[in-house]
Structure formats: C-alpha cells, structure tokens
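The structure file work_22.pdb is reproduced below (PDB, N, CA, C and O atoms).
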```pdb
ATOM      1  N   MET E 231      87.954  93.245  92.889
ATOM      2  CA  MET E 231      88.894  94.206  93.412
ATOM      3  C   MET E 231      90.306  93.724  93.056
ATOM      4  O   MET E 231      90.620  92.556  93.186
ATOM      5  N   ILE E 232      91.116  94.653  92.600
ATOM      6  CA  ILE E 232      92.487  94.335  92.201
ATOM      7  C   ILE E 232      93.450  95.297  92.893
ATOM      8  O   ILE E 232      93.144  96.467  93.068
ATOM      9  N   GLU E 233      94.605  94.754  93.315
ATOM     10  CA  GLU E 233      95.618  95.551  93.997
ATOM     11  C   GLU E 233      96.903  95.527  93.166
ATOM     12  O   GLU E 233      97.329  94.461  92.741
ATOM     13  N   VAL E 234      97.502  96.717  92.964
ATOM     14  CA  VAL E 234      98.690  96.849  92.125
ATOM     15  C   VAL E 234      99.771  97.600  92.903
ATOM     16  O   VAL E 234      99.485  98.615  93.531
ATOM     17  N   GLU E 235     101.019  97.095  92.858
ATOM     18  CA  GLU E 235     102.154  97.790  93.473
ATOM     19  C   GLU E 235     102.894  98.575  92.403
ATOM     20  O   GLU E 235     103.216  98.034  91.352
ATOM     21  N   LEU E 236     103.167  99.846  92.690
ATOM     22  CA  LEU E 236     103.832 100.721  91.725
ATOM     23  C   LEU E 236     104.963 101.484  92.395
ATOM     24  O   LEU E 236     104.923 101.739  93.599
ATOM     25  N   ASN E 237     105.951 101.883  91.619
ATOM     26  CA  ASN E 237     107.057 102.702  92.119
ATOM     27  C   ASN E 237     106.754 104.177  91.896
ATOM     28  O   ASN E 237     107.477 104.876  91.212
ATOM     29  N   TYR E 238     105.643 104.636  92.445
ATOM     30  CA  TYR E 238     105.206 106.024  92.375
ATOM     31  C   TYR E 238     104.983 106.524  93.790
ATOM     32  O   TYR E 238     104.654 105.748  94.686
ATOM     33  N   SER E 239     105.095 107.804  93.977
ATOM     34  CA  SER E 239     104.685 108.406  95.234
ATOM     35  C   SER E 239     103.170 108.258  95.341
ATOM     36  O   SER E 239     102.458 108.414  94.340
ATOM     37  N   PHE E 240     102.661 107.956  96.520
ATOM     38  CA  PHE E 240     101.220 107.716  96.599
ATOM     39  C   PHE E 240     100.423 108.985  96.351
ATOM     40  O   PHE E 240      99.316 108.928  95.824
ATOM     41  N   THR E 241     100.969 110.159  96.650
ATOM     42  CA  THR E 241     100.255 111.402  96.353
ATOM     43  C   THR E 241     100.229 111.686  94.851
ATOM     44  O   THR E 241      99.226 112.151  94.325
ATOM     45  N   ASP E 242     101.333 111.376  94.145
ATOM     46  CA  ASP E 242     101.364 111.569  92.693
ATOM     47  C   ASP E 242     100.382 110.629  91.995
ATOM     48  O   ASP E 242      99.681 111.029  91.071
ATOM     49  N   LEU E 243     100.338 109.383  92.448
ATOM     50  CA  LEU E 243      99.407 108.429  91.842
ATOM     51  C   LEU E 243      97.963 108.812  92.144
ATOM     52  O   LEU E 243      97.094 108.670  91.282
ATOM     53  N   ALA E 244      97.711 109.338  93.328
ATOM     54  CA  ALA E 244      96.351 109.787  93.659
ATOM     55  C   ALA E 244      95.926 110.937  92.744
ATOM     56  O   ALA E 244      94.771 110.997  92.318
ATOM     57  N   GLU E 245      96.844 111.831  92.423
ATOM     58  CA  GLU E 245      96.534 112.919  91.486
ATOM     59  C   GLU E 245      96.184 112.359  90.109
ATOM     60  O   GLU E 245      95.259 112.843  89.455
ATOM     61  N   LYS E 246      96.928 111.350  89.667
ATOM     62  CA  LYS E 246      96.626 110.718  88.374
ATOM     63  C   LYS E 246      95.251 110.048  88.407
ATOM     64  O   LYS E 246      94.496 110.126  87.436
ATOM     65  N   CYS E 247      94.928 109.399  89.517
ATOM     66  CA  CYS E 247      93.612 108.771  89.645
ATOM     67  C   CYS E 247      92.503 109.813  89.604
ATOM     68  O   CYS E 247      91.481 109.603  88.954
ATOM     69  N   GLU E 248      92.718 110.935  90.283
ATOM     70  CA  GLU E 248      91.727 112.015  90.249
ATOM     71  C   GLU E 248      91.553 112.546  88.833
ATOM     72  O   GLU E 248      90.445 112.865  88.408
ATOM     73  N   GLN E 249      92.648 112.636  88.116
ATOM     74  CA  GLN E 249      92.631 113.180  86.766
ATOM     75  C   GLN E 249      91.924 112.249  85.786
ATOM     76  O   GLN E 249      91.155 112.706  84.946
ATOM     77  N   HIS E 250      92.171 110.938  85.896
ATOM     78  CA  HIS E 250      91.692 109.994  84.888
ATOM     79  C   HIS E 250      90.507 109.133  85.311
ATOM     80  O   HIS E 250      89.805 108.601  84.455
ATOM     81  N   ILE E 251      90.264 108.975  86.614
ATOM     82  CA  ILE E 251      89.199 108.069  87.056
ATOM     83  C   ILE E 251      88.033 108.836  87.671
ATOM     84  O   ILE E 251      86.897 108.692  87.236
ATOM     85  N   GLY E 252      88.301 109.627  88.701
ATOM     86  CA  GLY E 252      87.219 110.360  89.343
ATOM     87  C   GLY E 252      87.722 111.117  90.552
ATOM     88  O   GLY E 252      88.844 110.914  91.001
ATOM     89  N   PRO E 253      86.896 111.983  91.122
ATOM     90  CA  PRO E 253      87.323 112.815  92.252
ATOM     91  C   PRO E 253      87.564 111.987  93.506
ATOM     92  O   PRO E 253      86.997 110.920  93.683
ATOM     93  N   ARG E 254      88.403 112.530  94.378
ATOM     94  CA  ARG E 254      88.668 111.824  95.634
ATOM     95  C   ARG E 254      87.551 112.095  96.630
ATOM     96  O   ARG E 254      86.960 113.170  96.655
ATOM     97  N   LYS E 255      87.275 111.094  97.442
ATOM     98  CA  LYS E 255      86.231 111.194  98.464
ATOM     99  C   LYS E 255      86.840 111.362  99.850
ATOM    100  O   LYS E 255      86.205 111.898 100.735
ATOM    101  N   PHE E 256      88.077 110.863 100.057
ATOM    102  CA  PHE E 256      88.696 110.980 101.366
ATOM    103  C   PHE E 256      90.206 111.141 101.237
ATOM    104  O   PHE E 256      90.800 110.755 100.243
ATOM    105  N   TYR E 257      90.810 111.757 102.236
ATOM    106  CA  TYR E 257      92.254 111.972 102.308
ATOM    107  C   TYR E 257      92.648 111.779 103.762
ATOM    108  O   TYR E 257      92.431 112.645 104.592
ATOM    109  N   LEU E 258      93.188 110.618 104.060
ATOM    110  CA  LEU E 258      93.696 110.340 105.397
ATOM    111  C   LEU E 258      95.201 110.557 105.384
ATOM    112  O   LEU E 258      95.791 110.802 104.332
ATOM    113  N   HIS E 259      95.855 110.448 106.516
ATOM    114  CA  HIS E 259      97.300 110.700 106.551
ATOM    115  C   HIS E 259      98.091 109.687 105.735
ATOM    116  O   HIS E 259      99.180 109.978 105.289
ATOM    117  N   ASN E 260      97.559 108.478 105.528
ATOM    118  CA  ASN E 260      98.295 107.477 104.767
ATOM    119  C   ASN E 260      97.444 106.808 103.696
ATOM    120  O   ASN E 260      97.791 105.735 103.198
ATOM    121  N   ARG E 261      96.333 107.416 103.313
ATOM    122  CA  ARG E 261      95.477 106.818 102.296
ATOM    123  C   ARG E 261      94.651 107.903 101.617
ATOM    124  O   ARG E 261      94.122 108.788 102.273
ATOM    125  N   ILE E 262      94.576 107.827 100.298
ATOM    126  CA  ILE E 262      93.761 108.750  99.510
ATOM    127  C   ILE E 262      92.883 107.893  98.621
ATOM    128  O   ILE E 262      93.358 106.918  98.039
ATOM    129  N   GLY E 263      91.604 108.233  98.503
ATOM    130  CA  GLY E 263      90.735 107.388  97.695
ATOM    131  C   GLY E 263      89.507 108.094  97.186
ATOM    132  O   GLY E 263      89.170 109.202  97.600
ATOM    133  N   GLY E 264      88.862 107.420  96.268
ATOM    134  CA  GLY E 264      87.640 107.919  95.677
ATOM    135  C   GLY E 264      86.737 106.764  95.315
ATOM    136  O   GLY E 264      86.955 105.633  95.742
ATOM    137  N   GLU E 265      85.741 107.032  94.513
ATOM    138  CA  GLU E 265      84.794 106.016  94.078
ATOM    139  C   GLU E 265      85.499 105.003  93.178
ATOM    140  O   GLU E 265      85.893 105.316  92.056
ATOM    141  N   GLY E 266      85.730 103.801  93.674
ATOM    142  CA  GLY E 266      86.331 102.747  92.869
ATOM    143  C   GLY E 266      87.845 102.663  92.930
ATOM    144  O   GLY E 266      88.435 101.814  92.275
ATOM    145  N   TRP E 267      88.508 103.516  93.711
ATOM    146  CA  TRP E 267      89.971 103.470  93.800
ATOM    147  C   TRP E 267      90.444 103.985  95.149
ATOM    148  O   TRP E 267      89.761 104.754  95.803
ATOM    149  N   ASP E 268      91.598 103.495  95.581
ATOM    150  CA  ASP E 268      92.300 104.096  96.704
ATOM    151  C   ASP E 268      93.782 103.748  96.637
ATOM    152  O   ASP E 268      94.169 102.754  96.048
ATOM    153  N   VAL E 269      94.599 104.647  97.179
ATOM    154  CA  VAL E 269      96.058 104.549  97.077
ATOM    155  C   VAL E 269      96.656 104.728  98.461
ATOM    156  O   VAL E 269      96.215 105.583  99.219
ATOM    157  N   ARG E 270      97.654 103.911  98.778
ATOM    158  CA  ARG E 270      98.356 104.036 100.057
ATOM    159  C   ARG E 270      99.829 103.731  99.857
ATOM    160  O   ARG E 270     100.197 103.034  98.908
ATOM    161  N   PRO E 271     100.701 104.244 100.716
ATOM    162  CA  PRO E 271     102.129 103.949 100.575
ATOM    163  C   PRO E 271     102.416 102.505 100.967
ATOM    164  O   PRO E 271     101.637 101.882 101.697
ATOM    165  N   LYS E 272     103.544 101.984 100.473
ATOM    166  CA  LYS E 272     103.958 100.643 100.894
ATOM    167  C   LYS E 272     104.302 100.663 102.368
ATOM    168  O   LYS E 272     104.602 101.712 102.939
ATOM    169  N   ARG E 273     104.306  99.528 102.974
ATOM    170  CA  ARG E 273     104.584  99.440 104.412
ATOM    171  C   ARG E 273     106.063  99.572 104.684
ATOM    172  O   ARG E 273     106.905  99.435 103.808
ATOM    173  N   LEU E 274     106.363  99.765 105.941
ATOM    174  CA  LEU E 274     107.749  99.856 106.378
ATOM    175  C   LEU E 274     108.389  98.471 106.412
ATOM    176  O   LEU E 274     107.722  97.477 106.659
ATOM    177  N   LYS E 275     109.688  98.438 106.182
ATOM    178  CA  LYS E 275     110.438  97.203 106.375
ATOM    179  C   LYS E 275     110.527  96.932 107.879
ATOM    180  O   LYS E 275     110.335  97.841 108.684
ATOM    181  N   PRO E 276     110.852  95.700 108.274
ATOM    182  CA  PRO E 276     110.954  95.413 109.714
ATOM    183  C   PRO E 276     111.978  96.286 110.456
ATOM    184  O   PRO E 276     111.813  96.550 111.637
ATOM    185  N   ASN E 277     113.024  96.774 109.747
ATOM    186  CA  ASN E 277     114.018  97.617 110.413
ATOM    187  C   ASN E 277     113.591  99.080 110.492
ATOM    188  O   ASN E 277     114.342  99.928 110.944
ATOM    189  N   GLY E 278     112.375  99.411 110.028
ATOM    190  CA  GLY E 278     111.851 100.760 110.159
ATOM    191  C   GLY E 278     112.100 101.667 108.974
ATOM    192  O   GLY E 278     111.664 102.807 108.975
ATOM    193  N   LEU E 279     112.811 101.198 107.953
ATOM    194  CA  LEU E 279     113.073 102.022 106.777
ATOM    195  C   LEU E 279     111.862 102.045 105.857
ATOM    196  O   LEU E 279     111.147 101.059 105.720
ATOM    197  N   LEU E 280     111.637 103.193 105.224
ATOM    198  CA  LEU E 280     110.537 103.307 104.266
ATOM    199  C   LEU E 280     110.865 102.597 102.960
ATOM    200  O   LEU E 280     112.001 102.611 102.514
ATOM    201  N   VAL E 281     109.865 102.004 102.365
ATOM    202  CA  VAL E 281     110.002 101.384 101.056
ATOM    203  C   VAL E 281     109.381 102.340 100.054
ATOM    204  O   VAL E 281     108.265 102.813 100.256
ATOM    205  N   GLN E 282     110.092 102.644  98.966
ATOM    206  CA  GLN E 282     109.556 103.569  97.977
ATOM    207  C   GLN E 282     108.447 102.889  97.184
ATOM    208  O   GLN E 282     108.544 101.727  96.833
ATOM    209  N   GLY E 283     107.413 103.630  96.892
ATOM    210  CA  GLY E 283     106.322 103.110  96.084
ATOM    211  C   GLY E 283     104.999 103.170  96.808
ATOM    212  O   GLY E 283     104.890 103.699  97.917
ATOM    213  N   CYS E 284     103.981 102.627  96.151
ATOM    214  CA  CYS E 284     102.646 102.645  96.725
ATOM    215  C   CYS E 284     101.859 101.427  96.270
ATOM    216  O   CYS E 284     102.270 100.711  95.356
ATOM    217  N   ILE E 285     100.744 101.223  96.914
ATOM    218  CA  ILE E 285      99.824 100.146  96.558
ATOM    219  C   ILE E 285      98.503 100.805  96.190
ATOM    220  O   ILE E 285      97.950 101.593  96.968
ATOM    221  N   ALA E 286      98.018 100.502  95.002
ATOM    222  CA  ALA E 286      96.750 101.059  94.529
ATOM    223  C   ALA E 286      95.722  99.940  94.452
ATOM    224  O   ALA E 286      96.033  98.838  93.999
ATOM    225  N   ARG E 287      94.510 100.231  94.888
ATOM    226  CA  ARG E 287      93.433  99.254  94.857
ATOM    227  C   ARG E 287      92.304  99.804  93.991
ATOM    228  O   ARG E 287      91.889 100.954  94.149
ATOM    229  N   PHE E 288      91.851  98.979  93.056
ATOM    230  CA  PHE E 288      90.786  99.385  92.142
ATOM    231  C   PHE E 288      89.651  98.372  92.204
ATOM    232  O   PHE E 288      89.885  97.180  92.360
ATOM    233  N   ASP E 289      88.420  98.833  92.048
ATOM    234  CA  ASP E 289      87.261  97.940  92.053
ATOM    235  C   ASP E 289      87.150  97.149  90.752
ATOM    236  O   ASP E 289      86.652  96.032  90.752
ATOM    237  N   ASP E 290      87.622  97.730  89.666
ATOM    238  CA  ASP E 290      87.456  97.131  88.346
ATOM    239  C   ASP E 290      88.823  96.901  87.696
ATOM    240  O   ASP E 290      89.617  97.842  87.621
ATOM    241  N   PRO E 291      89.119  95.695  87.207
ATOM    242  CA  PRO E 291      90.403  95.448  86.538
ATOM    243  C   PRO E 291      90.608  96.320  85.295
ATOM    244  O   PRO E 291      91.736  96.686  84.968
ATOM    245  N   LYS E 292      89.532  96.676  84.621
ATOM    246  CA  LYS E 292      89.649  97.536  83.440
ATOM    247  C   LYS E 292      90.155  98.919  83.823
ATOM    248  O   LYS E 292      90.943  99.525  83.107
ATOM    249  N   THR E 293      89.707  99.422  84.954
ATOM    250  CA  THR E 293      90.166 100.717  85.441
ATOM    251  C   THR E 293      91.644 100.677  85.772
ATOM    252  O   THR E 293      92.393 101.605  85.463
ATOM    253  N   ALA E 294      92.087  99.593  86.401
ATOM    254  CA  ALA E 294      93.505  99.441  86.747
ATOM    255  C   ALA E 294      94.352  99.407  85.484
ATOM    256  O   ALA E 294      95.398 100.072  85.404
ATOM    257  N   THR E 295      93.929  98.663  84.490
ATOM    258  CA  THR E 295      94.665  98.581  83.236
ATOM    259  C   THR E 295      94.723  99.943  82.552
ATOM    260  O   THR E 295      95.762 100.359  82.061
ATOM    261  N   TYR E 296      93.596 100.644  82.535
ATOM    262  CA  TYR E 296      93.533 101.965  81.922
ATOM    263  C   TYR E 296      94.522 102.917  82.579
ATOM    264  O   TYR E 296      95.290 103.613  81.900
ATOM    265  N   LEU E 297      94.542 102.938  83.917
ATOM    266  CA  LEU E 297      95.450 103.855  84.610
ATOM    267  C   LEU E 297      96.911 103.471  84.389
ATOM    268  O   LEU E 297      97.759 104.340  84.185
ATOM    269  N   LEU E 298      97.205 102.189  84.411
ATOM    270  CA  LEU E 298      98.588 101.746  84.176
ATOM    271  C   LEU E 298      99.068 102.173  82.787
ATOM    272  O   LEU E 298     100.215 102.573  82.610
ATOM    273  N   LEU E 299      98.199 102.078  81.803
ATOM    274  CA  LEU E 299      98.568 102.518  80.456
ATOM    275  C   LEU E 299      98.738 104.029  80.393
ATOM    276  O   LEU E 299      99.589 104.536  79.663
ATOM    277  N   LYS E 300      97.955 104.777  81.159
ATOM    278  CA  LYS E 300      98.043 106.238  81.154
ATOM    279  C   LYS E 300      99.333 106.742  81.813
ATOM    280  O   LYS E 300      99.874 107.749  81.389
ATOM    281  N   ILE E 301      99.821 106.062  82.852
ATOM    282  CA  ILE E 301     100.989 106.565  83.556
ATOM    283  C   ILE E 301     102.309 106.058  82.986
ATOM    284  O   ILE E 301     103.349 106.571  83.326
ATOM    285  N   LYS E 302     102.277 105.080  82.129
ATOM    286  CA  LYS E 302     103.535 104.547  81.552
ATOM    287  C   LYS E 302     103.991 105.391  80.400
ATOM    288  O   LYS E 302     103.349 106.043  79.727
TER
END
```

Take the structure from the file and write it as structure tokens.
Amino acid sequence: MIEVELNYSFTDLAEKCEQHIGPRKFYLHNRIGGEGWDVRPKRLKPNGLLVQGCIARFDDPKTATYLLLKIK
C-alpha cells in the first residue's frame, strides 16, 4: 500500500481514479474510494484552517505511478 500527497481537490482526483483505474465503491463525506484506491482531503491545521490538497492511497505502487503520470 502506498500513500501520495497531491495538490488536487479530492473530488477531482477521485474522478481521475474512476476514469483510469476503476469504478468507485463508496462515497463518504470525506473519503471516496474503489477497488485498490481511495482519496481523502488533507487534514486541518491546528488553527482550524483547511489545507489545500488530498491524500491518495493505492494498493499497488504501479497504479500510483500510472495515475501520477496521467494527471501531470
């Protein structure tokens, strides 16, 4: 399992994952995922401000590399 931090909206990255990896299996208020992948927004700073970007988790490093190359 590999985790990658990106400066993308988590909903936009989830759409890219659906497009290039596979369909989504769940959509929670702060997490979207499918078979072998899931995306969530970065956490809040201690002062309560939102941090832009998201954290994507993939089961396979090859899948993570493939998606990173597709979105760049």

Legend entry - Among listed residues E:Arg287, E:Lys255, E:Ile301, E:Gln282, nearest E:Trp267 (using all atoms listed in the file): E:Arg287

Inset, instruction - Can you pull out every residue within 6 Å of E:Ile285, counting only N, CA, C and O atoms, but drop anything in the same chain fewer than 4 positions away, and send it as a list of chain:residue names? - result: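 Here the answer would be E:Val234, E:Glu235, E:Leu236, E:Asp268, E:Val269, E:Arg270, E:Pro271, E:Lys272.
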
Legend entry - Reference answer for the PyMOL selection byres ((chain E and resi 242-249) around 8), as a list in words: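 Taken on the displayed file, the PyMOL selection byres ((chain E and resi 242-249) around 8) yields the residues Tyr238, Ser239, Phe240, Thr241, His250, Ile251, Gly252, Pro253, Arg254, Ile262, Gly263, Gly264, Glu265, Trp267, Asp268, Val269, Arg270, Leu297 and Ile301 of chain E.
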
Go ahead and save the picked residues with N, CA, C and O atoms, as a PDB file, in the coordinates of the input.
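Produced file out-v6.pdb, reproduced below:
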```
ATOM      1  N   TYR E 238     105.643 104.636  92.445  1.00  0.00           N
ATOM      2  CA  TYR E 238     105.206 106.024  92.375  1.00  0.00           C
ATOM      3  C   TYR E 238     104.983 106.524  93.790  1.00  0.00           C
ATOM      4  O   TYR E 238     104.654 105.748  94.686  1.00  0.00           O
ATOM      5  N   SER E 239     105.095 107.804  93.977  1.00  0.00           N
ATOM      6  CA  SER E 239     104.685 108.406  95.234  1.00  0.00           C
ATOM      7  C   SER E 239     103.170 108.258  95.341  1.00  0.00           C
ATOM      8  O   SER E 239     102.458 108.414  94.340  1.00  0.00           O
ATOM      9  N   PHE E 240     102.661 107.956  96.520  1.00  0.00           N
ATOM     10  CA  PHE E 240     101.220 107.716  96.599  1.00  0.00           C
ATOM     11  C   PHE E 240     100.423 108.985  96.351  1.00  0.00           C
ATOM     12  O   PHE E 240      99.316 108.928  95.824  1.00  0.00           O
ATOM     13  N   THR E 241     100.969 110.159  96.650  1.00  0.00           N
ATOM     14  CA  THR E 241     100.255 111.402  96.353  1.00  0.00           C
ATOM     15  C   THR E 241     100.229 111.686  94.851  1.00  0.00           C
ATOM     16  O   THR E 241      99.226 112.151  94.325  1.00  0.00           O
ATOM     17  N   HIS E 250      92.171 110.938  85.896  1.00  0.00           N
ATOM     18  CA  HIS E 250      91.692 109.994  84.888  1.00  0.00           C
ATOM     19  C   HIS E 250      90.507 109.133  85.311  1.00  0.00           C
ATOM     20  O   HIS E 250      89.805 108.601  84.455  1.00  0.00           O
ATOM     21  N   ILE E 251      90.264 108.975  86.614  1.00  0.00           N
ATOM     22  CA  ILE E 251      89.199 108.069  87.056  1.00  0.00           C
ATOM     23  C   ILE E 251      88.033 108.836  87.671  1.00  0.00           C
ATOM     24  O   ILE E 251      86.897 108.692  87.236  1.00  0.00           O
ATOM     25  N   GLY E 252      88.301 109.627  88.701  1.00  0.00           N
ATOM     26  CA  GLY E 252      87.219 110.360  89.343  1.00  0.00           C
ATOM     27  C   GLY E 252      87.722 111.117  90.552  1.00  0.00           C
ATOM     28  O   GLY E 252      88.844 110.914  91.001  1.00  0.00           O
ATOM     29  N   PRO E 253      86.896 111.983  91.122  1.00  0.00           N
ATOM     30  CA  PRO E 253      87.323 112.815  92.252  1.00  0.00           C
ATOM     31  C   PRO E 253      87.564 111.987  93.506  1.00  0.00           C
ATOM     32  O   PRO E 253      86.997 110.920  93.683  1.00  0.00           O
ATOM     33  N   ARG E 254      88.403 112.530  94.378  1.00  0.00           N
ATOM     34  CA  ARG E 254      88.668 111.824  95.634  1.00  0.00           C
ATOM     35  C   ARG E 254      87.551 112.095  96.630  1.00  0.00           C
ATOM     36  O   ARG E 254      86.960 113.170  96.655  1.00  0.00           O
ATOM     37  N   ILE E 262      94.576 107.827 100.298  1.00  0.00           N
ATOM     38  CA  ILE E 262      93.761 108.750  99.510  1.00  0.00           C
ATOM     39  C   ILE E 262      92.883 107.893  98.621  1.00  0.00           C
ATOM     40  O   ILE E 262      93.358 106.918  98.039  1.00  0.00           O
ATOM     41  N   GLY E 263      91.604 108.233  98.503  1.00  0.00           N
ATOM     42  CA  GLY E 263      90.735 107.388  97.695  1.00  0.00           C
ATOM     43  C   GLY E 263      89.507 108.094  97.186  1.00  0.00           C
ATOM     44  O   GLY E 263      89.170 109.202  97.600  1.00  0.00           O
ATOM     45  N   GLY E 264      88.862 107.420  96.268  1.00  0.00           N
ATOM     46  CA  GLY E 264      87.640 107.919  95.677  1.00  0.00           C
ATOM     47  C   GLY E 264      86.737 106.764  95.315  1.00  0.00           C
ATOM     48  O   GLY E 264      86.955 105.633  95.742  1.00  0.00           O
ATOM     49  N   GLU E 265      85.741 107.032  94.513  1.00  0.00           N
ATOM     50  CA  GLU E 265      84.794 106.016  94.078  1.00  0.00           C
ATOM     51  C   GLU E 265      85.499 105.003  93.178  1.00  0.00           C
ATOM     52  O   GLU E 265      85.893 105.316  92.056  1.00  0.00           O
ATOM     53  N   TRP E 267      88.508 103.516  93.711  1.00  0.00           N
ATOM     54  CA  TRP E 267      89.971 103.470  93.800  1.00  0.00           C
ATOM     55  C   TRP E 267      90.444 103.985  95.149  1.00  0.00           C
ATOM     56  O   TRP E 267      89.761 104.754  95.803  1.00  0.00           O
ATOM     57  N   ASP E 268      91.598 103.495  95.581  1.00  0.00           N
ATOM     58  CA  ASP E 268      92.300 104.096  96.704  1.00  0.00           C
ATOM     59  C   ASP E 268      93.782 103.748  96.637  1.00  0.00           C
ATOM     60  O   ASP E 268      94.169 102.754  96.048  1.00  0.00           O
ATOM     61  N   VAL E 269      94.599 104.647  97.179  1.00  0.00           N
ATOM     62  CA  VAL E 269      96.058 104.549  97.077  1.00  0.00           C
ATOM     63  C   VAL E 269      96.656 104.728  98.461  1.00  0.00           C
ATOM     64  O   VAL E 269      96.215 105.583  99.219  1.00  0.00           O
ATOM     65  N   ARG E 270      97.654 103.911  98.778  1.00  0.00           N
ATOM     66  CA  ARG E 270      98.356 104.036 100.057  1.00  0.00           C
ATOM     67  C   ARG E 270      99.829 103.731  99.857  1.00  0.00           C
ATOM     68  O   ARG E 270     100.197 103.034  98.908  1.00  0.00           O
ATOM     69  N   LEU E 297      94.542 102.938  83.917  1.00  0.00           N
ATOM     70  CA  LEU E 297      95.450 103.855  84.610  1.00  0.00           C
ATOM     71  C   LEU E 297      96.911 103.471  84.389  1.00  0.00           C
ATOM     72  O   LEU E 297      97.759 104.340  84.185  1.00  0.00           O
ATOM     73  N   ILE E 301      99.821 106.062  82.852  1.00  0.00           N
ATOM     74  CA  ILE E 301     100.989 106.565  83.556  1.00  0.00           C
ATOM     75  C   ILE E 301     102.309 106.058  82.986  1.00  0.00           C
ATOM     76  O   ILE E 301     103.349 106.571  83.326  1.00  0.00           O
TER      77      ILE E 301
END
```

Inset, instruction - Between atom O of E:Glu233 and atom C of E:Pro276, measure the distance and give it in Å to one decimal. - result: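 So the two atoms, atom O of E:Glu233 and atom C of E:Pro276, lie 23.1 Å apart.
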
Legend entry - Which of chain E fall in alpha helix (DSSP H), as a count of residues only: 22

Inset, instruction - Determine the nearest neighbour of E:Met231 from the options E:Pro291, E:Arg261, E:Gly283, E:Arg273, counting all atoms listed in the file. - result: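 For E:Met231, the nearest of the candidates is E:Pro291.
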
Legend entry - Residue list (strand (DSSP E or B), DSSP) for chain E, as a PyMOL selection string: chain E and resi 232-236+254-258+261-264+267-271+284-288

Legend entry - Minimum-distance residue to E:Asp289, chosen among E:Asn237, E:Gly266, E:Asn260, E:Lys302 (using only N, CA, C and O atoms): E:Gly266

Legend entry - Separation of atom N of E:Lys275 from atom O of E:Ala294 in Å: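 Straight-line distance from atom O of E:Ala294 to atom N of E:Lys275 works out to 25.3 Å.
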